[in-house]
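Read through the structure below, which is laid out as structure tokens, and then see the notes.
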Amino acid sequence: MEESDLGGKRPASTEDFKKWYMEECDKNLKLEEEIKRLKEVIKVQAGYIAND
């Protein structure tokens, strides 16, 4: 049985797991959005370099 990351040594509950899972999904979505933005920045910068 896994231990909770919430500061105690009690076994992790289903609710703890759901909370952790949703937090990880949210982090992944934010990272995905940041990657898309950075790809756009790279395209713009590549265009400027190509036109110099």
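Simple scheme: letters A, B, ... for chains in structure tokens order, numbers from 1 for residues in each chain, numbers from 1 for ligands in the order shown.
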Alpha helix (DSSP H) call set, DSSP backbone run, chain A, as JSON, numbers by chain
{"A": [14, 15, 16, 17, 18, 19, 20, 21, 22, 23, 24, 25, 26, 27, 28, 29, 30, 31, 32, 33, 34, 35, 36, 37, 38, 39, 40, 41, 42, 43, 44, 45, 46, 47, 48, 49, 50, 51]}
A straight line from atom CA of A:Ser13 to atom CA of A:Asn28 spans 22.6 Å
In Å, how far is it from atom CA of A:Lys27 to atom CA of A:Val41?
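So the two atoms, atom CA of A:Lys27 and atom CA of A:Val41, lie 21.1 Å apart.
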